[in-house]
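**Student:** Below is final27.cif; it holds mmCIF, C-alpha atoms.
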```
data_upload
#
loop_
_atom_site.label_atom_id
_atom_site.label_comp_id
_atom_site.auth_asym_id
_atom_site.auth_seq_id
_atom_site.Cartn_x
_atom_site.Cartn_y
_atom_site.Cartn_z
CA MET A 26 -30.91 0.00 -3.31
CA LYS A 27 -27.78 -0.69 -5.37
CA THR A 28 -25.50 -3.61 -4.60
CA ALA A 29 -21.77 -4.17 -5.05
CA ILE A 30 -19.01 -6.65 -4.38
CA VAL A 31 -15.57 -5.27 -3.52
CA THR A 32 -12.57 -7.60 -3.53
CA GLY A 33 -9.55 -6.96 -1.36
CA ALA A 34 -11.97 -5.17 0.95
CA SER A 35 -10.37 -5.71 4.36
CA ALA A 36 -7.78 -2.92 4.04
CA GLY A 37 -6.34 -0.17 1.86
CA ILE A 38 -8.08 0.92 -1.33
CA GLY A 39 -10.65 -1.87 -1.16
CA ARG A 40 -11.80 -0.93 2.30
CA ALA A 41 -11.92 2.78 1.44
CA VAL A 42 -14.07 2.09 -1.63
CA ALA A 43 -16.37 -0.24 0.31
CA GLU A 44 -16.85 2.38 3.03
CA ARG A 45 -17.60 5.08 0.44
CA LEU A 46 -20.19 2.91 -1.32
CA LEU A 47 -21.84 2.14 2.02
CA GLU A 48 -21.95 5.86 2.87
CA ALA A 49 -23.75 6.39 -0.45
CA GLY A 50 -26.40 3.82 0.46
CA TRP A 51 -25.15 0.73 -1.35
CA THR A 52 -25.23 -2.82 0.02
CA VAL A 53 -21.70 -4.19 -0.26
CA GLY A 54 -20.25 -7.68 -0.22
CA LEU A 55 -16.73 -7.57 1.20
CA VAL A 56 -14.29 -10.11 -0.26
CA ALA A 57 -10.90 -10.93 1.28
CA ARG A 58 -8.96 -14.00 2.38
CA ARG A 59 -8.54 -13.28 6.10
CA ALA A 60 -11.93 -14.04 7.66
CA GLU A 61 -11.23 -12.48 11.07
CA LEU A 62 -10.04 -9.18 9.60
CA LEU A 63 -12.93 -9.20 7.13
CA ASP A 64 -15.48 -9.79 9.89
CA ALA A 65 -14.02 -6.91 11.90
CA THR A 66 -14.22 -4.68 8.83
CA ALA A 67 -17.85 -5.66 8.21
CA GLN A 68 -18.80 -4.99 11.83
CA ALA A 69 -17.19 -1.56 11.67
CA CYS A 70 -19.00 -0.76 8.40
CA GLY A 71 -22.52 -1.64 9.53
CA PRO A 72 -25.35 -4.03 8.61
CA ARG A 73 -25.23 -3.41 4.83
CA ALA A 74 -21.64 -4.73 4.74
CA ILE A 75 -21.68 -8.48 4.13
CA PRO A 76 -18.43 -10.44 4.65
CA LEU A 77 -17.56 -12.94 1.91
CA PRO A 78 -14.30 -14.60 2.99
CA LEU A 79 -12.63 -16.34 0.05
CA ASP A 80 -9.49 -16.60 -2.04
CA VAL A 81 -10.08 -14.95 -5.43
CA THR A 82 -7.95 -17.65 -7.10
CA ASP A 83 -10.46 -20.34 -6.04
CA ALA A 84 -13.00 -20.54 -8.88
CA ASP A 85 -15.52 -22.61 -6.90
CA ALA A 86 -15.39 -20.26 -3.91
CA VAL A 87 -15.86 -17.20 -6.14
CA GLN A 88 -18.82 -18.79 -7.90
CA SER A 89 -20.52 -19.82 -4.66
CA ALA A 90 -20.00 -16.51 -2.81
CA PHE A 91 -21.03 -14.29 -5.73
CA HIS A 92 -24.12 -16.39 -6.40
CA ASP A 93 -25.16 -16.37 -2.73
CA PHE A 94 -24.65 -12.60 -2.44
CA ALA A 95 -26.72 -11.88 -5.55
CA GLU A 96 -29.48 -14.20 -4.36
CA ALA A 97 -29.61 -12.56 -0.94
CA ALA A 98 -29.28 -8.96 -2.19
CA GLY A 99 -31.58 -9.43 -5.19
CA ARG A 100 -29.01 -8.50 -7.86
CA LEU A 101 -25.43 -7.36 -8.45
CA ASP A 102 -24.95 -3.85 -9.82
CA LEU A 103 -21.19 -3.42 -9.40
CA LEU A 104 -17.98 -5.38 -9.02
CA PHE A 105 -14.94 -3.41 -7.88
CA ASN A 106 -12.29 -5.92 -8.92
CA ASN A 107 -9.48 -4.83 -6.63
CA ALA A 108 -7.65 -7.76 -5.02
CA GLY A 109 -3.96 -7.91 -5.90
CA ILE A 110 -0.49 -8.54 -4.52
CA PHE A 111 3.03 -7.16 -4.85
CA THR A 112 6.01 -9.49 -4.92
CA PRO A 113 9.52 -8.53 -3.72
CA ALA A 114 11.32 -6.22 -6.14
CA ALA A 115 14.24 -7.72 -8.06
CA PRO A 116 15.80 -7.82 -11.53
CA ILE A 117 13.98 -10.35 -13.70
CA ASP A 118 16.78 -12.95 -13.48
CA GLU A 119 16.50 -12.93 -9.67
CA ILE A 120 12.71 -13.23 -9.46
CA PRO A 121 11.65 -16.67 -8.21
CA VAL A 122 9.31 -18.42 -10.62
CA GLU A 123 6.93 -18.95 -7.72
CA ASP A 124 6.65 -15.16 -7.23
CA TRP A 125 5.75 -14.79 -10.91
CA ARG A 126 3.10 -17.51 -10.66
CA ARG A 127 1.60 -16.05 -7.47
CA ALA A 128 1.30 -12.62 -9.07
CA VAL A 129 -0.35 -14.04 -12.19
CA GLU A 130 -2.75 -16.15 -10.11
CA VAL A 131 -3.95 -13.30 -7.92
CA ASN A 132 -3.58 -10.20 -10.08
CA LEU A 133 -4.78 -11.65 -13.37
CA THR A 134 -6.49 -15.02 -12.88
CA GLY A 135 -8.26 -13.77 -9.75
CA MET A 136 -9.50 -10.70 -11.65
CA PHE A 137 -10.71 -12.95 -14.46
CA LEU A 138 -12.57 -15.32 -12.12
CA CYS A 139 -14.35 -12.50 -10.30
CA ALA A 140 -15.22 -10.64 -13.51
CA ARG A 141 -16.40 -13.90 -15.09
CA MET A 142 -18.85 -14.57 -12.27
CA ALA A 143 -20.05 -10.97 -12.06
CA PHE A 144 -20.63 -10.93 -15.83
CA ARG A 145 -22.61 -14.17 -15.58
CA ILE A 146 -24.89 -12.74 -12.89
CA MET A 147 -25.33 -9.36 -14.60
CA ARG A 148 -26.14 -10.97 -17.94
CA ARG A 149 -28.90 -13.10 -16.49
CA GLN A 150 -30.53 -10.81 -13.92
CA SER A 151 -33.59 -8.65 -14.54
CA PRO A 152 -33.22 -5.86 -15.40
CA GLN A 153 -30.13 -7.01 -17.22
CA GLY A 154 -26.77 -5.30 -16.81
CA GLY A 155 -24.27 -3.93 -14.34
CA ARG A 156 -20.78 -2.48 -14.10
CA ILE A 157 -17.32 -3.94 -13.52
CA VAL A 158 -14.49 -1.61 -12.44
CA ASN A 159 -11.04 -3.19 -12.51
CA ASN A 160 -8.24 -1.76 -10.39
CA GLY A 161 -5.25 -1.35 -12.64
CA SER A 162 -2.27 0.73 -11.59
CA ILE A 163 0.15 3.34 -12.83
CA SER A 164 2.12 0.15 -13.58
CA ALA A 165 -0.46 -0.59 -16.29
CA HIS A 166 1.12 2.39 -18.13
CA VAL A 167 4.77 2.55 -17.05
CA PRO A 168 6.88 0.09 -15.04
CA ARG A 169 8.48 0.45 -11.64
CA GLU A 170 11.99 -0.88 -11.15
CA GLY A 171 12.23 -4.57 -10.34
CA ALA A 172 8.50 -5.23 -10.71
CA ALA A 173 8.18 -7.52 -13.75
CA PRO A 174 5.40 -9.74 -12.30
CA TYR A 175 3.29 -6.81 -11.11
CA THR A 176 3.82 -4.73 -14.26
CA ALA A 177 3.05 -7.61 -16.61
CA THR A 178 -0.12 -8.58 -14.76
CA LYS A 179 -1.39 -5.00 -14.64
CA HIS A 180 -0.88 -4.68 -18.40
CA GLY A 181 -2.89 -7.91 -18.64
CA VAL A 182 -5.69 -6.33 -16.61
CA THR A 183 -5.90 -3.57 -19.21
CA GLY A 184 -6.48 -6.15 -21.93
CA LEU A 185 -9.12 -7.85 -19.80
CA THR A 186 -10.88 -4.52 -19.25
CA ARG A 187 -11.00 -3.77 -22.98
CA GLN A 188 -12.35 -7.23 -23.76
CA ILE A 189 -15.08 -7.15 -21.11
CA ALA A 190 -16.11 -3.65 -22.20
CA LEU A 191 -16.55 -4.97 -25.75
CA ASP A 192 -18.24 -8.25 -24.85
CA GLY A 193 -20.57 -6.61 -22.33
CA ARG A 194 -22.20 -4.21 -24.78
CA PRO A 195 -25.09 -6.49 -25.86
CA PHE A 196 -25.99 -7.11 -22.21
CA ASP A 197 -25.74 -3.56 -20.77
CA ILE A 198 -22.61 -4.54 -18.87
CA ALA A 199 -20.17 -1.63 -18.67
CA CYS A 200 -16.53 -2.23 -17.79
CA GLY A 201 -13.90 0.34 -16.91
CA GLN A 202 -10.54 0.57 -15.20
CA ILE A 203 -9.10 2.92 -12.61
CA ASP A 204 -5.32 3.26 -12.61
CA ILE A 205 -4.10 4.48 -9.24
CA GLY A 206 -0.80 6.06 -8.30
CA ASN A 207 0.25 6.22 -4.65
CA ALA A 208 -2.91 6.37 -2.56
CA GLU A 209 -1.94 6.68 1.10
CA THR A 210 -2.57 3.28 2.67
CA ASP A 211 -0.75 1.21 5.29
CA LEU A 212 1.35 -0.26 2.47
CA LEU A 213 2.47 3.15 1.18
CA ARG A 214 3.08 4.40 4.71
CA GLY A 215 5.45 1.46 5.19
CA ILE A 216 7.26 2.28 1.95
CA ALA A 217 7.56 5.93 3.02
CA ALA A 218 8.96 4.94 6.42
CA ALA A 219 11.54 2.67 4.77
CA ALA A 220 12.58 5.47 2.42
CA ARG A 221 13.07 7.89 5.31
CA ALA A 222 15.09 5.29 7.21
CA GLN A 223 17.43 5.02 4.19
CA GLY A 224 17.78 8.81 3.92
CA ARG A 225 15.64 9.03 0.78
CA ALA A 226 12.61 11.23 0.16
CA PRO A 227 9.32 9.39 0.64
CA PRO A 228 7.11 8.99 -2.43
CA PRO A 229 4.38 11.60 -2.99
CA VAL A 230 0.96 10.30 -1.96
CA MET A 231 -2.68 11.33 -2.06
CA ASP A 232 -5.55 10.66 0.33
CA VAL A 233 -7.14 7.28 -0.43
CA ARG A 234 -10.58 8.91 -0.09
CA HIS A 235 -10.01 10.58 -3.46
CA VAL A 236 -9.74 7.13 -5.03
CA ALA A 237 -12.95 6.05 -3.30
CA ASP A 238 -14.74 9.15 -4.58
CA ALA A 239 -13.51 8.43 -8.11
CA VAL A 240 -14.74 4.83 -8.03
CA LEU A 241 -18.12 5.96 -6.68
CA ALA A 242 -18.43 8.46 -9.54
CA MET A 243 -17.76 5.67 -12.05
CA ALA A 244 -20.18 3.35 -10.26
CA GLU A 245 -23.09 5.78 -10.22
CA LEU A 246 -23.07 6.58 -13.93
CA PRO A 247 -26.06 5.25 -15.88
CA LEU A 248 -25.23 2.14 -17.88
CA SER A 249 -25.56 4.21 -21.04
CA ALA A 250 -22.26 5.90 -20.08
CA ASN A 251 -18.89 4.43 -19.16
CA VAL A 252 -15.48 5.65 -18.01
CA LEU A 253 -13.30 3.16 -19.86
CA PHE A 254 -10.02 4.31 -18.27
CA GLN A 255 -9.37 6.77 -15.47
CA THR A 256 -5.99 7.62 -13.98
CA ILE A 257 -5.85 9.14 -10.50
CA MET A 258 -2.49 9.83 -8.94
CA ALA A 259 -0.55 11.95 -6.51
CA THR A 260 0.13 15.20 -8.39
CA LYS A 261 3.89 15.15 -7.81
CA MET A 262 4.50 11.58 -8.95
CA PRO A 263 7.13 11.44 -11.76
CA TYR A 264 4.72 10.11 -14.37
CA VAL A 265 4.47 11.64 -17.85
CA GLY A 266 1.57 9.83 -19.45
CA ARG A 267 0.94 6.82 -21.64
CA GLY A 268 3.83 5.23 -23.46
#
```
Since I need it in another form, could you write the structure as C-alpha cells?
**Tutor:**
Amino acid sequence: MKTAIVTGASAGIGRAVAERLLEAGWTVGLVARRAELLDATAQACGPRAIPLPLDVTDADAVQSAFHDFAEAAGRLDLLFNNAGIFTPAAPIDEIPVEDWRRAVEVNLTGMFLCARMAFRIMRRQSPQGGRIVNNGSISAHVPREGAAPYTATKHGVTGLTRQIALDGRPFDIACGQIDIGNAETDLLRGIAAAARAQGRAPPPVMDVRHVADAVLAMAELPLSANVLFQTIMATKMPYVGRG
C-alpha cells in the first residue's frame, strides 16, 4: 500500500487530491491548520485518512508529524506540497510588509520545511526513495495584477522544485511541480460571485477533479520517470505560455 502526505488538505485542491489518492488505495496523512475541519475531512474520507493538524511554518511540528506518520504507515511514498495563501491584491507600494512576510512564510518557507522533512524520510527509508509534487500556479509563469507576494513566492517554488529534483537523483527521490489555473473550488466560486456582482464576466474554471487526476498520474509513475513540470488550466484562461 502506498502512502502520502497532502498539505492544505481540509479544502479545495488539497482535499480533492487527498480524496483521489484514497480512492486509488493510498493511505493519506492530511495536513492543515484547523483541527476541527481536518478531523471532519478525515472522517468523511475513511479510515485510511489520517489527520495531522499543524501549521506548515512550524518546523518542529512538521518534523514531528511527518516522522510519526512515516513510523505508523511504514514509509512515505509521496508528498503533495500544496498549502498556500493569497494576500489581498494591491499595487506593490500599498502591500503591507506583514502580508509579504506571511506569503513568504507559508508559500515558500512552509513548502521548504515540508519538502525538507519528506526528503529526509525518503532518503533514509528502505527501499529508498519517493516523490515530492509541489503545487505551483499559473502565477509561477505569469503574474496576476496586484499579486506581488503570491507571484514572487510561486516563482520561488519553481526554483525549489528544480533544486530538489537535482539533489534527489542519488536517492531515487523524484520532484515535480503542477501549475494550476482556475480549478473550481470554494475560493474560485467566491471570486466568480464577486465578479458577477460587479457586472464582470466570471473567470473560466475547470473541475478540480481534473487536477486530482493529474496529481495521481504523476504520483503513480515509477521513480525511474518524472514529470518535472505540468501545467493544467481552464482552456479559456487568457494564458499564452511561458515568458
**Student:** Could you tell me which residues the PyMOL selection byres ((chain A and resi 80) around 7) grabs in this file, written as a list in words?
**Tutor:**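 Against this file, the PyMOL selection byres ((chain A and resi 80) around 7) returns the residues Ala57, Arg58, Leu79, Val81, Thr82 and Asp83 of chain A.
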**Student:** Tell me which residues the PyMOL selection byres ((chain A and resi 174-189) around 6) grabs here, as a list in words.
**Tutor:**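 With the PyMOL selection byres ((chain A and resi 174-189) around 6) on this model, the match is Trp125, Ala128, Leu133, Gly161, Ser164, Ala165, Pro168, Ala172, Ala173, Ala190, Leu191, Asp192 and Gly193 of chain A.
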**Student:** For Ile157 (chain A), which residue out of A:Val240, A:Val129, A:Ile38, A:Leu77 is the nearest one, using only C-alpha atoms?
**Tutor:** A:Val240
**Student:** Using Å and a single decimal, report how far CA of Val252 (chain A) sits from CA of Val158 (chain A).
**Tutor:**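 Atom-to-atom, CA of Val158 (chain A) and CA of Val252 (chain A) are spaced 9.2 Å apart.
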**Student:** Could you pull out every residue with an atom within 10 Å of (-6.0, 12.6, -3.2), file coordinates, counting all atoms listed in the file, and send them as a PyMOL selection string?
**Tutor:** chain A and resi 206-209+230-239+257-260
**Student:** Taking a cut-off of 8 Å and counting all atoms listed in the file, can you build a table that, for each residue of region 65-91 of chain A near region 141-151 of chain A, reports the nearest atom pair and how far apart they are in Å (one decimal), sorted by chain then residue number, as JSON lines?
**Tutor:**
```
{"residue": "A:Val87", "atom": "CA", "partner": "A:Met142", "partner_atom": "CA", "distance": 7.3}
{"residue": "A:Gln88", "atom": "CA", "partner": "A:Met142", "partner_atom": "CA", "distance": 6.1}
{"residue": "A:Phe91", "atom": "CA", "partner": "A:Met142", "partner_atom": "CA", "distance": 6.9}
```
**Student:** Hey, which of A:Ser35, A:Ser249, A:Ser162, A:Asn107 ends up closest to Val131 (chain A)? Count only C-alpha atoms.
**Tutor:**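 Answer, going by the shortest atom-to-atom distance: A:Asn107.
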**Student:** Work out how far CA of Glu48 (chain A) is from CA of Leu138 (chain A), in Å to one decimal.
**Tutor:**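 Going from CA of Leu138 (chain A) over to CA of Glu48 (chain A) covers 27.6 Å.
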**Student:** Report the distance between CA of Arg73 (chain A) and CA of Asn251 (chain A) in Å, rounded to one decimal place.
**Tutor:** 26.0 Å
**Student:** Got a sec: who's within 8 Å of Asp102 (chain A), counting all atoms listed in the file, leaving out chain neighbours fewer than 4 positions off, as a PyMOL selection string?
**Tutor:** chain A and resi 27-29+147+154-156
**Student:** Ranking A:Ala222, A:Phe254, A:Pro78, A:Arg127 by minimum distance to Phe111 (chain A) and counting only C-alpha atoms, which one comes first?
**Tutor:** A:Arg127
**Student:** Determine the nearest neighbour of Ile75 (chain A) from the options A:Gly109, A:Gly135, A:Pro152, A:Gly54, counting only C-alpha atoms.
**Tutor:** A:Gly54
**Student:** Taking (-16.2, -4.3, 5.4) in the file's coordinates as the center, which residues reach within 10 Å of it, counting all atoms listed in the file, put as a PyMOL selection string?
**Tutor:** chain A and resi 31+33-36+39-44+47+53-57+62-77
**Student:** Go through A:Ala90, A:Val122, A:Ile163, A:Leu101 one by one, measure the shortest atom-to-atom distance of each to Ile198 (chain A) using all atoms listed in the file, and give the residue with the smallest value.
**Tutor:** A:Leu101
**Student:** Under the rule that only C-alpha atoms are counted, which of A:Ala49, A:Ala60, A:Leu253, A:Met243 is the nearest residue to Gly201 (chain A)?
**Tutor:**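 Checking each of A:Ala49, A:Ala60, A:Leu253, A:Met243 against Gly201 (chain A), counting only C-alpha atoms, the winner is A:Leu253.
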**Student:** Tell me which protein, DNA and RNA residues are within 6 Å of Gly171 (chain A), counting all atoms listed in the file, leaving out same-chain ones fewer than 6 positions away, and put them as a PyMOL selection string.
**Tutor:** chain A and resi 114-116
